>>> print(open('protein_10.tsv').read())   # TSV, C-alpha atoms
chain	number	residue	atom	x	y	z
A	300	MET	CA	32.42	-4.59	96.24
A	301	PRO	CA	34.78	-2.23	98.06
A	302	HIS	CA	33.18	0.60	100.06
A	303	ILE	CA	35.14	3.24	98.11
A	304	ALA	CA	36.21	3.40	94.46
A	305	LEU	CA	39.55	1.52	94.44
A	306	PRO	CA	41.61	0.73	91.32
A	307	GLU	CA	40.06	-2.40	89.81
A	308	GLY	CA	41.51	-5.87	89.54
A	309	LEU	CA	43.66	-5.69	92.66
A	310	PRO	CA	43.09	-8.22	95.45
A	311	GLY	CA	42.84	-7.33	99.14
A	312	ILE	CA	45.24	-4.77	100.53
A	313	THR	CA	46.79	-4.02	97.14
A	314	GLY	CA	43.61	-2.11	96.17
A	315	PRO	CA	43.87	0.63	98.83
A	316	PHE	CA	47.68	0.55	98.46
A	317	ALA	CA	47.22	1.65	94.84
A	318	TYR	CA	44.57	4.20	95.91
A	319	ARG	CA	46.97	5.99	98.28
A	320	PRO	CA	50.62	5.08	97.47
A	321	GLU	CA	51.87	7.55	100.08
A	322	THR	CA	50.25	5.58	102.92
A	323	ALA	CA	51.04	2.27	101.23
A	324	LYS	CA	54.81	2.76	101.22
A	325	PRO	CA	55.31	2.88	105.01
A	326	MET	CA	52.71	0.12	105.52
A	327	ARG	CA	54.75	-2.13	103.21
A	328	GLU	CA	57.98	-1.22	104.98
A	329	LEU	CA	56.46	-2.02	108.38
A	330	ALA	CA	55.36	-5.46	107.13
A	331	GLU	CA	58.80	-6.13	105.65
A	332	ILE	CA	60.59	-5.36	108.93
A	333	LEU	CA	58.09	-7.19	111.13
A	334	LEU	CA	57.89	-10.36	109.04
A	335	ARG	CA	61.17	-10.59	107.13
A	336	GLY	CA	63.66	-8.34	108.94
A	337	PRO	CA	66.57	-9.69	111.03
A	338	ASN	CA	65.03	-11.43	114.04
A	339	THR	CA	65.55	-14.41	116.35
A	340	LEU	CA	62.00	-15.54	115.50
A	341	THR	CA	61.95	-17.18	112.06
A	342	SER	CA	59.87	-15.66	109.27
A	343	GLY	CA	57.76	-18.82	109.37
A	344	GLU	CA	56.97	-18.23	113.05
A	345	ARG	CA	56.23	-14.54	112.48
A	346	GLU	CA	53.96	-15.26	109.50
A	347	MET	CA	52.15	-17.83	111.65
A	348	ILE	CA	51.50	-15.12	114.25
A	349	ALA	CA	50.22	-12.77	111.51
A	350	SER	CA	47.98	-15.46	110.06
A	351	TYR	CA	46.68	-16.52	113.51
A	352	VAL	CA	45.71	-12.97	114.48
A	353	SER	CA	44.08	-12.32	111.07
A	354	SER	CA	42.04	-15.50	111.42
A	355	ARG	CA	40.82	-14.40	114.87
A	356	ASN	CA	39.87	-11.00	113.41
A	357	GLY	CA	37.86	-12.78	110.70
A	358	CYS	CA	39.94	-11.17	107.95
A	359	VAL	CA	39.86	-13.79	105.17
A	360	PHE	CA	42.29	-12.04	102.81
A	361	CYS	CA	45.03	-11.45	105.43
A	362	HIS	CA	44.54	-14.86	106.97
A	363	ALA	CA	44.73	-16.74	103.66
A	364	SER	CA	47.65	-14.76	102.26
A	365	HIS	CA	49.81	-14.89	105.41
A	366	ARG	CA	48.86	-18.54	105.96
A	367	ALA	CA	50.31	-19.21	102.49
A	368	ALA	CA	53.40	-17.08	103.21
A	369	ALA	CA	53.98	-19.00	106.45
A	370	ALA	CA	53.64	-22.31	104.62
A	371	HIS	CA	56.16	-21.20	101.99
A	372	HIS	CA	58.64	-20.44	104.75
A	373	LEU	CA	57.95	-23.90	106.21
A	374	ASP	CA	58.55	-26.16	103.18
A	375	GLY	CA	54.92	-25.93	102.12
A	376	ASP	CA	53.58	-27.33	105.40
A	377	TYR	CA	50.06	-25.83	105.44
A	378	ASP	CA	49.01	-28.43	107.98
A	379	LEU	CA	51.48	-27.12	110.54
A	380	VAL	CA	50.29	-23.54	109.96
A	381	ASP	CA	46.65	-24.59	110.37
A	382	SER	CA	47.35	-26.66	113.49
A	383	VAL	CA	47.68	-23.61	115.76
A	384	ARG	CA	44.31	-22.29	114.63
A	385	ARG	CA	42.59	-25.66	115.08
A	386	ASN	CA	43.95	-26.23	118.57
A	387	LEU	CA	46.86	-24.23	119.90
A	388	GLU	CA	47.47	-26.51	122.89
A	389	THR	CA	47.92	-29.70	120.85
A	390	ALA	CA	49.68	-28.11	117.86
A	391	PRO	CA	53.12	-29.60	117.06
A	392	VAL	CA	55.00	-26.32	117.55
A	393	SER	CA	57.49	-25.31	120.25
A	394	ALA	CA	56.29	-24.41	123.75
A	395	LYS	CA	57.84	-20.99	123.20
A	396	LEU	CA	55.81	-20.33	120.03
A	397	LYS	CA	52.65	-21.51	121.81
A	398	ALA	CA	53.27	-19.04	124.63
A	399	LEU	CA	53.87	-16.24	122.10
A	400	LEU	CA	50.72	-17.15	120.16
A	401	ARG	CA	48.71	-17.02	123.41
A	402	ILE	CA	50.00	-13.47	123.91
A	403	ALA	CA	49.20	-12.63	120.26
A	404	GLY	CA	45.65	-13.95	120.74
A	405	LYS	CA	45.18	-11.71	123.76
A	406	VAL	CA	46.61	-8.67	121.97
A	407	GLN	CA	44.09	-9.32	119.18
A	408	GLU	CA	41.29	-8.94	121.76
A	409	SER	CA	42.94	-6.05	123.59
A	410	GLY	CA	46.42	-5.18	124.76
A	411	ARG	CA	44.88	-4.90	128.21
A	412	CYS	CA	44.23	-8.66	128.26
A	413	VAL	CA	47.97	-9.45	128.40
A	414	THR	CA	48.88	-10.28	132.02
A	415	PRO	CA	52.24	-10.42	133.82
A	416	GLU	CA	51.65	-14.20	133.99
A	417	ASP	CA	51.40	-14.43	130.19
A	418	ILE	CA	54.72	-12.63	129.89
A	419	ALA	CA	56.30	-14.78	132.64
A	420	ASP	CA	55.08	-17.94	130.86
A	421	ALA	CA	56.69	-16.86	127.60
A	422	ARG	CA	59.94	-16.03	129.40
A	423	ALA	CA	59.87	-19.44	131.14
A	424	GLU	CA	59.71	-21.07	127.69
A	425	GLY	CA	62.80	-19.15	126.62
A	426	ALA	CA	61.30	-16.07	124.94
A	427	THR	CA	63.30	-12.86	125.30
A	428	ASP	CA	61.70	-9.46	125.93
A	429	LEU	CA	62.61	-8.60	122.34
A	430	GLU	CA	60.70	-11.64	121.04
A	431	ILE	CA	57.70	-10.89	123.26
A	432	HIS	CA	57.77	-7.29	122.06
A	433	ASP	CA	57.99	-8.39	118.42
A	434	THR	CA	55.01	-10.70	118.97
A	435	VAL	CA	53.01	-7.80	120.43
A	436	LEU	CA	54.03	-5.61	117.48
A	437	ILE	CA	52.96	-8.20	114.89
A	438	ALA	CA	49.65	-8.93	116.63
A	439	ALA	CA	48.90	-5.20	117.03
A	440	ALA	CA	49.95	-4.44	113.44
A	441	PHE	CA	47.63	-7.11	112.06
A	442	SER	CA	44.79	-5.71	114.14
A	443	MET	CA	45.49	-2.61	112.03
A	444	TYR	CA	45.95	-4.26	108.62
A	445	ASN	CA	42.82	-6.39	109.15
A	446	ARG	CA	40.69	-3.27	109.79
A	447	TYR	CA	42.22	-1.49	106.80
A	448	VAL	CA	41.42	-4.44	104.54
A	449	ASP	CA	37.94	-5.32	105.85
A	450	GLY	CA	36.88	-1.82	106.91
A	451	LEU	CA	37.20	-0.85	103.24
A	452	ALA	CA	35.65	-4.18	102.10
A	453	THR	CA	38.50	-4.85	99.69
A	454	VAL	CA	38.28	-7.61	97.08
A	455	THR	CA	38.68	-11.05	98.68
A	456	PRO	CA	39.52	-13.78	96.14
A	457	ILE	CA	38.24	-17.28	96.98
A	458	ASP	CA	40.61	-19.40	94.87
A	459	PRO	CA	43.20	-21.03	97.20
A	460	ALA	CA	45.64	-21.35	94.27
A	461	LEU	CA	45.76	-17.56	94.02
A	462	TYR	CA	46.73	-17.25	97.68
A	463	ASP	CA	49.41	-19.89	97.22
A	464	VAL	CA	51.00	-17.78	94.46
A	465	MET	CA	50.65	-14.65	96.58
A	466	GLY	CA	52.13	-16.35	99.64
A	467	ARG	CA	55.12	-17.56	97.63
A	468	ARG	CA	55.86	-14.02	96.45
A	469	MET	CA	55.42	-12.63	99.97
A	470	ALA	CA	57.82	-15.25	101.36
A	471	LYS	CA	60.41	-15.09	98.57
A	472	GLU	CA	60.30	-11.47	97.40
A	473	GLY	CA	58.86	-9.70	100.43
A	474	TYR	CA	56.63	-6.70	100.85
A	475	VAL	CA	58.65	-3.85	99.39
A	476	ARG	CA	58.55	-4.42	95.64
A	477	ALA	CA	58.87	-2.15	92.68
A	478	SER	CA	55.40	-3.15	91.47
A	479	ASN	CA	52.66	-5.40	92.62
B	125	MET	CA	72.94	-1.31	132.06
B	126	SER	CA	69.99	-0.30	134.18
B	127	ALA	CA	67.70	2.69	133.94
B	128	PRO	CA	67.94	5.40	136.57
B	129	ALA	CA	64.99	5.48	138.94
B	130	THR	CA	62.08	7.53	137.63
B	131	LYS	CA	58.79	8.67	139.09
B	132	THR	CA	56.84	6.90	136.39
B	133	ALA	CA	55.79	3.26	136.35
B	134	THR	CA	57.96	0.63	134.69
B	135	LEU	CA	56.96	-1.02	131.44
B	136	HIS	CA	55.99	-4.70	131.42
B	137	LEU	CA	59.07	-5.53	129.33
B	138	PRO	CA	62.11	-4.14	131.19
B	139	ASP	CA	64.52	-4.77	128.30
B	140	VAL	CA	62.51	-2.34	126.18
B	141	GLU	CA	63.07	0.39	128.74
B	142	THR	CA	66.75	-0.30	129.38
B	143	HIS	CA	67.97	-0.76	125.79
B	144	PRO	CA	67.26	2.44	123.88
B	145	GLN	CA	69.01	2.74	120.53
B	146	PRO	CA	70.95	5.95	119.87
B	147	GLY	CA	68.83	8.61	118.25
B	148	VAL	CA	66.28	11.33	118.75
B	149	TYR	CA	64.05	9.37	121.16
B	150	ARG	CA	66.92	8.38	123.44
B	151	ASP	CA	68.02	12.02	123.45
B	152	LEU	CA	64.52	13.11	124.46
B	153	ILE	CA	64.40	10.54	127.27
B	154	GLU	CA	67.85	11.47	128.59
B	155	SER	CA	67.04	15.16	128.50
B	156	ALA	CA	63.78	14.63	130.43
B	157	ARG	CA	65.50	12.44	133.01
B	158	ALA	CA	68.34	14.95	133.44
B	159	ARG	CA	65.78	17.67	134.15
B	160	ASN	CA	63.76	15.24	136.32
B	161	VAL	CA	60.56	15.97	134.41
B	162	GLU	CA	57.76	13.60	133.50
B	163	TYR	CA	58.08	12.22	129.96
B	164	SER	CA	55.98	10.26	127.56
B	165	LYS	CA	56.99	6.61	127.93
B	166	ILE	CA	55.94	5.89	124.37
B	167	TRP	CA	59.44	7.30	123.68
B	168	ASP	CA	60.90	4.15	125.26
B	169	LEU	CA	59.00	2.07	122.70
B	170	PHE	CA	60.11	4.33	119.85
B	171	ALA	CA	63.74	4.23	121.00
B	172	PHE	CA	63.82	0.43	121.34
B	173	GLN	CA	63.31	-0.62	117.74
B	174	GLN	CA	64.08	2.28	115.46
B	175	SER	CA	64.26	0.26	112.25
B	176	PHE	CA	60.50	-0.15	112.75
B	177	THR	CA	59.54	3.09	114.44
B	178	VAL	CA	61.16	5.39	111.87
B	179	HIS	CA	58.61	4.13	109.32
B	180	LEU	CA	55.84	4.15	111.91
B	181	ALA	CA	56.44	7.82	112.72
B	182	ARG	CA	56.32	8.78	109.03
B	183	PHE	CA	53.19	6.70	108.52
B	184	THR	CA	51.48	8.28	111.53
B	185	HIS	CA	52.37	11.77	110.36
B	186	GLY	CA	50.98	11.05	106.88
B	187	VAL	CA	47.72	9.51	108.13
B	188	LEU	CA	47.02	12.31	110.61
B	189	ARG	CA	48.46	15.35	108.85
B	190	GLU	CA	48.46	14.90	105.05
B	191	PRO	CA	45.96	17.26	103.41
B	192	ALA	CA	42.71	15.27	103.15
B	193	ALA	CA	38.93	15.62	103.21
B	194	ILE	CA	38.95	15.39	107.04
B	195	SER	CA	40.80	18.09	109.01
B	196	PRO	CA	43.82	17.08	111.11
B	197	GLY	CA	41.87	18.15	114.22
B	198	PHE	CA	38.99	15.81	113.46
B	199	ARG	CA	41.41	13.00	112.59
B	200	GLU	CA	42.94	13.50	116.05
B	201	LEU	CA	39.43	13.22	117.51
B	202	ILE	CA	38.93	9.96	115.56
B	203	ALA	CA	42.25	8.75	117.05
B	204	ALA	CA	41.12	9.70	120.57
B	205	TYR	CA	37.66	8.18	120.07
B	206	THR	CA	39.13	4.88	118.79
B	207	SER	CA	41.58	4.84	121.71
B	208	ASN	CA	38.78	5.44	124.20
B	209	GLN	CA	36.80	2.55	122.69
B	210	ASN	CA	39.87	0.37	123.23
B	211	GLU	CA	40.33	1.71	126.79
B	212	CYS	CA	43.84	2.97	126.07
B	213	GLY	CA	44.20	5.78	128.60
B	214	PHE	CA	47.51	7.07	127.29
B	215	CYS	CA	46.40	7.37	123.65
B	216	THR	CA	42.99	8.79	124.60
B	217	GLN	CA	44.60	11.55	126.65
B	218	ALA	CA	47.36	12.21	124.11
B	219	HIS	CA	45.08	12.56	121.09
B	220	ALA	CA	42.27	14.32	122.96
B	221	ALA	CA	44.90	16.91	123.88
B	222	ALA	CA	46.12	17.20	120.27
B	223	ALA	CA	42.50	17.42	118.99
B	224	SER	CA	41.72	20.10	121.59
B	225	GLU	CA	44.68	22.17	120.42
B	226	LEU	CA	43.88	21.83	116.71
B	227	MET	CA	40.13	22.34	117.12
B	228	GLY	CA	40.58	25.02	119.76
B	229	ASP	CA	37.81	23.42	121.81
B	230	SER	CA	38.60	20.96	124.57
B	231	ALA	CA	35.02	20.83	125.92
B	232	THR	CA	33.61	19.49	122.65
B	233	VAL	CA	36.40	16.91	122.33
B	234	TRP	CA	35.71	15.53	125.80
B	235	ALA	CA	31.93	15.67	125.31
B	236	ALA	CA	32.35	13.51	122.18
B	237	LEU	CA	34.50	11.02	124.08
B	238	ARG	CA	32.02	10.80	126.98
B	239	ASP	CA	28.88	10.48	124.85
B	240	VAL	CA	28.91	11.08	121.14
B	241	ASP	CA	25.10	11.29	120.87
B	242	SER	CA	24.79	14.32	123.16
B	243	ALA	CA	28.02	16.02	122.06
B	244	PRO	CA	27.72	19.45	120.38
B	245	LEU	CA	29.00	18.17	117.03
B	246	PRO	CA	27.36	18.22	113.58
B	247	GLU	CA	25.39	15.03	112.83
B	248	ASN	CA	27.75	13.99	110.03
B	249	GLU	CA	30.73	14.06	112.42
B	250	LYS	CA	28.82	12.02	115.02
B	251	LEU	CA	28.02	9.50	112.29
B	252	LEU	CA	31.68	9.17	111.34
B	253	LEU	CA	32.69	8.65	115.00
B	254	ARG	CA	30.04	5.94	115.47
B	255	PHE	CA	31.31	4.33	112.25
B	256	VAL	CA	34.92	4.11	113.46
B	257	GLY	CA	33.58	2.74	116.74
B	258	LYS	CA	32.01	-0.07	114.74
B	259	VAL	CA	35.22	-0.71	112.75
B	260	THR	CA	37.02	-0.93	116.09
B	261	ARG	CA	34.64	-3.21	117.98
B	262	GLN	CA	32.47	-4.98	115.39
B	263	LEU	CA	34.61	-5.17	112.25
B	264	GLU	CA	32.71	-8.16	110.88
B	265	ASN	CA	29.39	-6.26	111.02
B	266	VAL	CA	30.54	-3.22	109.02
B	267	ASP	CA	28.47	-3.23	105.84
B	268	ALA	CA	27.55	-1.28	102.73
B	269	ALA	CA	24.59	0.34	104.52
B	270	ASP	CA	26.96	1.93	107.06
B	271	VAL	CA	29.01	3.43	104.24
B	272	ALA	CA	25.91	4.51	102.29
B	273	ALA	CA	24.82	6.45	105.39
B	274	LEU	CA	28.22	8.20	105.51
B	275	ARG	CA	27.89	9.19	101.85
B	276	HIS	CA	24.36	10.43	102.41
B	277	ALA	CA	25.79	12.63	105.19
B	278	GLY	CA	28.22	14.13	102.69
B	279	TRP	CA	31.45	12.20	103.30
B	280	ASN	CA	33.38	11.31	100.14
B	281	ASP	CA	35.74	8.40	99.38
B	282	GLU	CA	38.79	10.24	100.64
B	283	ALA	CA	37.13	11.07	103.97
B	284	ILE	CA	36.02	7.46	104.41
B	285	TYR	CA	39.51	6.22	103.54
B	286	TYR	CA	41.22	8.49	106.08
B	287	ALA	CA	38.64	7.71	108.79
B	288	ILE	CA	39.18	3.96	108.39
B	289	THR	CA	42.96	4.28	108.10
B	290	THR	CA	43.17	6.48	111.22
B	291	CYS	CA	40.96	4.06	113.12
B	292	ALA	CA	43.03	1.08	111.94
B	293	LEU	CA	46.28	2.79	112.94
B	294	PHE	CA	44.99	3.41	116.46
B	295	ASN	CA	43.89	-0.18	116.76
B	296	PHE	CA	47.60	-0.86	116.37
B	297	TYR	CA	48.82	1.80	118.80
B	298	ASN	CA	46.26	1.01	121.50
B	299	ARG	CA	47.29	-2.65	121.61
B	300	TRP	CA	51.02	-1.91	121.54
B	301	ILE	CA	50.77	0.74	124.26
B	302	THR	CA	48.52	-1.20	126.64
B	303	ALA	CA	50.28	-4.57	126.19
B	304	CYS	CA	53.63	-2.89	126.96
B	305	GLY	CA	52.16	-0.94	129.90
B	306	VAL	CA	52.76	2.67	128.85
B	307	PRO	CA	51.15	4.72	131.66
B	308	GLN	CA	49.02	7.83	131.33
B	309	MET	CA	50.81	11.05	132.22
B	310	SER	CA	49.54	13.93	134.34
B	311	PRO	CA	46.91	16.16	132.68
B	312	GLU	CA	49.49	18.97	132.46
B	313	ALA	CA	52.02	16.73	130.70
B	314	HIS	CA	49.37	15.54	128.24
B	315	ARG	CA	48.32	19.12	127.51
B	316	GLU	CA	51.94	20.05	126.86
B	317	GLN	CA	52.40	17.04	124.57
B	318	GLY	CA	49.16	17.94	122.77
B	319	ARG	CA	50.57	21.38	122.01
B	320	THR	CA	53.76	19.82	120.60
B	321	LEU	CA	51.82	17.31	118.47
B	322	ALA	CA	49.57	20.05	117.15
B	323	ALA	CA	52.53	22.24	116.26
B	324	ARG	CA	54.98	19.76	114.79
B	325	GLY	CA	53.20	16.48	114.16
B	326	TYR	CA	54.77	13.03	114.39
B	327	SER	CA	57.72	12.84	112.04
B	328	ARG	CA	61.09	13.40	113.68
B	329	ASP	CA	63.21	12.98	110.56
>>> encode(input="protein_10.tsv", output="structure tokens")
Amino acid sequence: MPHIALPEGLPGITGPFAYRPETAKPMRELAEILLRGPNTLTSGEREMIASYVSSRNGCVFCHASHRAAAAHHLDGDYDLVDSVRRNLETAPVSAKLKALLRIAGKVQESGRCVTPEDIADARAEGATDLEIHDTVLIAAAFSMYNRYVDGLATVTPIDPALYDVMGRRMAKEGYVRASN
Amino acid sequence: MSAPATKTATLHLPDVETHPQPGVYRDLIESARARNVEYSKIWDLFAFQQSFTVHLARFTHGVLREPAAISPGFRELIAAYTSNQNECGFCTQAHAAAASELMGDSATVWAALRDVDSAPLPENEKLLLRFVGKVTRQLENVDAADVAALRHAGWNDEAIYYAITTCALFNFYNRWITACGVPQMSPEAHREQGRTLAARGYSRD
């Protein structure tokens, strides 16, 4: 049960979004730009970063929903999305994405954990400063969303099919919608 | 294009510093550089990606300044307290200064940051600060008993919502600022910025 009285029947973040639409609107716009805006990182890669950070923060709702969104950007390949969480070093993703996910993992702990070597490693794998900055932004933003969702103890559905539907909408329609 | 030499340290991502987009933050940076005065290097981050930061500024203003069950001054203290837990020197100084201005009491703000238990604050405010500390550092252990204690101390749903949302927002800022290497300013510059934040808030629309 949520810690405060949220409108009923709304899963995860959509509960507090309905409770305070004025804070919800910019939070939705930030997610839209970070995960679906014009970028040299694909939406699949960015959703993987969001899902990875949420998993490390123990936020089941954000992890499951962004995992599904990532998979929908990647032809339904849940296995690829899960591979980075199981073992980042052996995951079949590019060396650049691995380097960015290492930075994202450190940002999840603390921005102070990111070293000049981490940044140099990402650059050596072809990441631009813009891409490194976007990775930091996504990892930091999900350290916010995760606390918003779990700090309020929002409703966390357990049915994977529900997350698959949610992830499809997030991938296809995005985060700024007329209704939810 | 390269940035003119400044007294302040360089960010970890040079492209961020050298590619400001046209707009209010670039104007602020150029004006400070022209006068050779210390400026807040968070402006470099805000100038770099304005499609994002325009929404971020509005969001920040709403979370910290919208009328709510917690005063803007105490929300600034929550921001400073969260930032101190995350060892973000820039944000701690910036929001301690804004809290000091709005509360009119710098000694109490810094006492709370040093040691909340012995600070001269009402017990219910100490409880709320300890709670956001837990949301920051032990999110998975936050439970219904913590929230029941807040209610018992007189905090309502709206207060709890704004405390958690402020704390969550600063868990974003602290990571962004420290990962990018935004340095603390001098105490005088932070005091000056605190006065500006207290007077006009965060939205630059």
>>> atom_distance(input="protein_10.tsv", atom1="CA of Met347 in chain A", atom2="CA of Trp167 in chain B")
28.8 Å
>>> residues_around(input="protein_10.tsv", residues="range 295-298 of chain B", least_positions_apart="5", cutoff="8 Å", atoms="only C-alpha atoms", output="PDB file with C-alpha atoms, keeping the file's coordinate frame")
ATOM      1  CA  GLY A 410      46.420  -5.180 124.760  1.00  0.00           C
ATOM      2  CA  ALA A 439      48.900  -5.200 117.030  1.00  0.00           C
ATOM      3  CA  ALA A 440      49.950  -4.440 113.440  1.00  0.00           C
ATOM      4  CA  PHE A 441      47.630  -7.110 112.060  1.00  0.00           C
ATOM      5  CA  SER A 442      44.790  -5.710 114.140  1.00  0.00           C
ATOM      6  CA  MET A 443      45.490  -2.610 112.030  1.00  0.00           C
TER       7      MET A 443
ATOM      8  CA  THR B 206      39.130   4.880 118.790  1.00  0.00           C
ATOM      9  CA  SER B 207      41.580   4.840 121.710  1.00  0.00           C
ATOM     10  CA  ASN B 210      39.870   0.370 123.230  1.00  0.00           C
ATOM     11  CA  GLU B 211      40.330   1.710 126.790  1.00  0.00           C
ATOM     12  CA  CYS B 212      43.840   2.970 126.070  1.00  0.00           C
ATOM     13  CA  CYS B 215      46.400   7.370 123.650  1.00  0.00           C
ATOM     14  CA  THR B 260      37.020  -0.930 116.090  1.00  0.00           C
TER      15      THR B 260
END
>>> closest_residue(input="protein_10.tsv", among="A:Thr434, A:Thr322, A:Thr389, A:Ser342", to="chain B", atoms="only C-alpha atoms")
A:Thr322
>>> closest_atom_pairs(input="protein_10.tsv", of="chain B", to="chain A", cutoff="8 Å", atoms="all atoms listed in the file", output="JSON lines")
{"residue": "B:His136", "atom": "CA", "partner": "A:Pro415", "partner_atom": "CA", "distance": 7.2}
{"residue": "B:Leu137", "atom": "CA", "partner": "A:Asp428", "partner_atom": "CA", "distance": 5.8}
{"residue": "B:Pro138", "atom": "CA", "partner": "A:Asp428", "partner_atom": "CA", "distance": 7.5}
{"residue": "B:Asp139", "atom": "CA", "partner": "A:Asp428", "partner_atom": "CA", "distance": 6.0}
{"residue": "B:Val140", "atom": "CA", "partner": "A:Asp428", "partner_atom": "CA", "distance": 7.2}
{"residue": "B:Ser175", "atom": "CA", "partner": "A:Ile332", "partner_atom": "CA", "distance": 7.5}
{"residue": "B:Phe176", "atom": "CA", "partner": "A:Leu329", "partner_atom": "CA", "distance": 6.2}
{"residue": "B:His179", "atom": "CA", "partner": "A:Pro325", "partner_atom": "CA", "distance": 5.6}
{"residue": "B:Leu180", "atom": "CA", "partner": "A:Pro325", "partner_atom": "CA", "distance": 7.0}
{"residue": "B:Arg182", "atom": "CA", "partner": "A:Pro325", "partner_atom": "CA", "distance": 7.2}
{"residue": "B:Phe183", "atom": "CA", "partner": "A:Pro325", "partner_atom": "CA", "distance": 5.6}
{"residue": "B:Gly186", "atom": "CA", "partner": "A:Thr322", "partner_atom": "CA", "distance": 6.8}
{"residue": "B:Val187", "atom": "CA", "partner": "A:Thr322", "partner_atom": "CA", "distance": 7.0}
{"residue": "B:Asn210", "atom": "CA", "partner": "A:Ser409", "partner_atom": "CA", "distance": 7.1}
{"residue": "B:Val259", "atom": "CA", "partner": "A:Gly450", "partner_atom": "CA", "distance": 6.2}
{"residue": "B:Thr260", "atom": "CA", "partner": "A:Arg446", "partner_atom": "CA", "distance": 7.7}
{"residue": "B:Leu263", "atom": "CA", "partner": "A:Gly450", "partner_atom": "CA", "distance": 6.7}
{"residue": "B:Glu264", "atom": "CA", "partner": "A:Gly357", "partner_atom": "CA", "distance": 6.9}
{"residue": "B:Val266", "atom": "CA", "partner": "A:Gly450", "partner_atom": "CA", "distance": 6.8}
{"residue": "B:Ala268", "atom": "CA", "partner": "A:His302", "partner_atom": "CA", "distance": 6.5}
{"residue": "B:Val271", "atom": "CA", "partner": "A:His302", "partner_atom": "CA", "distance": 6.5}
{"residue": "B:Asp281", "atom": "CA", "partner": "A:Ile303", "partner_atom": "CA", "distance": 5.3}
{"residue": "B:Ile284", "atom": "CA", "partner": "A:Ile303", "partner_atom": "CA", "distance": 7.6}
{"residue": "B:Tyr285", "atom": "CA", "partner": "A:Leu451", "partner_atom": "CA", "distance": 7.4}
{"residue": "B:Ile288", "atom": "CA", "partner": "A:Gly450", "partner_atom": "CA", "distance": 6.4}
{"residue": "B:Thr289", "atom": "CA", "partner": "A:Tyr447", "partner_atom": "CA", "distance": 6.0}
{"residue": "B:Ala292", "atom": "CA", "partner": "A:Met443", "partner_atom": "CA", "distance": 4.4}
{"residue": "B:Leu293", "atom": "CA", "partner": "A:Met443", "partner_atom": "CA", "distance": 5.5}
{"residue": "B:Phe294", "atom": "CA", "partner": "A:Met443", "partner_atom": "CA", "distance": 7.5}
{"residue": "B:Asn295", "atom": "CA", "partner": "A:Met443", "partner_atom": "CA", "distance": 5.6}
{"residue": "B:Phe296", "atom": "CA", "partner": "A:Ala439", "partner_atom": "CA", "distance": 4.6}
{"residue": "B:Tyr297", "atom": "CA", "partner": "A:Ala439", "partner_atom": "CA", "distance": 7.2}
{"residue": "B:Asn298", "atom": "CA", "partner": "A:Gly410", "partner_atom": "CA", "distance": 7.0}
{"residue": "B:Arg299", "atom": "CA", "partner": "A:Gly410", "partner_atom": "CA", "distance": 4.1}
{"residue": "B:Trp300", "atom": "CA", "partner": "A:Ala439", "partner_atom": "CA", "distance": 6.0}
{"residue": "B:Ile301", "atom": "CA", "partner": "A:Gly410", "partner_atom": "CA", "distance": 7.4}
{"residue": "B:Thr302", "atom": "CA", "partner": "A:Gly410", "partner_atom": "CA", "distance": 4.9}
{"residue": "B:Ala303", "atom": "CA", "partner": "A:Gly410", "partner_atom": "CA", "distance": 4.2}
{"residue": "B:Cys304", "atom": "CA", "partner": "A:His432", "partner_atom": "CA", "distance": 7.8}
>>> residues_around(input="protein_10.tsv", residues="Leu237 in chain B", least_positions_apart="6", cutoff="12 Å", atoms="only C-alpha atoms", output="PDB file with C-alpha atoms, in the coordinates of the input")
ATOM      1  CA  GLU B 200      42.940  13.500 116.050  1.00  0.00           C
ATOM      2  CA  LEU B 201      39.430  13.220 117.510  1.00  0.00           C
ATOM      3  CA  ILE B 202      38.930   9.960 115.560  1.00  0.00           C
ATOM      4  CA  ALA B 203      42.250   8.750 117.050  1.00  0.00           C
ATOM      5  CA  ALA B 204      41.120   9.700 120.570  1.00  0.00           C
ATOM      6  CA  TYR B 205      37.660   8.180 120.070  1.00  0.00           C
ATOM      7  CA  THR B 206      39.130   4.880 118.790  1.00  0.00           C
ATOM      8  CA  SER B 207      41.580   4.840 121.710  1.00  0.00           C
ATOM      9  CA  ASN B 208      38.780   5.440 124.200  1.00  0.00           C
ATOM     10  CA  GLN B 209      36.800   2.550 122.690  1.00  0.00           C
ATOM     11  CA  ASN B 210      39.870   0.370 123.230  1.00  0.00           C
ATOM     12  CA  GLU B 211      40.330   1.710 126.790  1.00  0.00           C
ATOM     13  CA  GLY B 213      44.200   5.780 128.600  1.00  0.00           C
ATOM     14  CA  THR B 216      42.990   8.790 124.600  1.00  0.00           C
ATOM     15  CA  GLN B 217      44.600  11.550 126.650  1.00  0.00           C
ATOM     16  CA  HIS B 219      45.080  12.560 121.090  1.00  0.00           C
ATOM     17  CA  ALA B 220      42.270  14.320 122.960  1.00  0.00           C
ATOM     18  CA  ALA B 221      44.900  16.910 123.880  1.00  0.00           C
ATOM     19  CA  ALA B 223      42.500  17.420 118.990  1.00  0.00           C
ATOM     20  CA  SER B 224      41.720  20.100 121.590  1.00  0.00           C
ATOM     21  CA  SER B 230      38.600  20.960 124.570  1.00  0.00           C
ATOM     22  CA  ALA B 231      35.020  20.830 125.920  1.00  0.00           C
ATOM     23  CA  ALA B 243      28.020  16.020 122.060  1.00  0.00           C
ATOM     24  CA  PRO B 244      27.720  19.450 120.380  1.00  0.00           C
ATOM     25  CA  LEU B 245      29.000  18.170 117.030  1.00  0.00           C
ATOM     26  CA  LYS B 250      28.820  12.020 115.020  1.00  0.00           C
ATOM     27  CA  LEU B 253      32.690   8.650 115.000  1.00  0.00           C
ATOM     28  CA  ARG B 254      30.040   5.940 115.470  1.00  0.00           C
ATOM     29  CA  GLY B 257      33.580   2.740 116.740  1.00  0.00           C
TER      30      GLY B 257
END
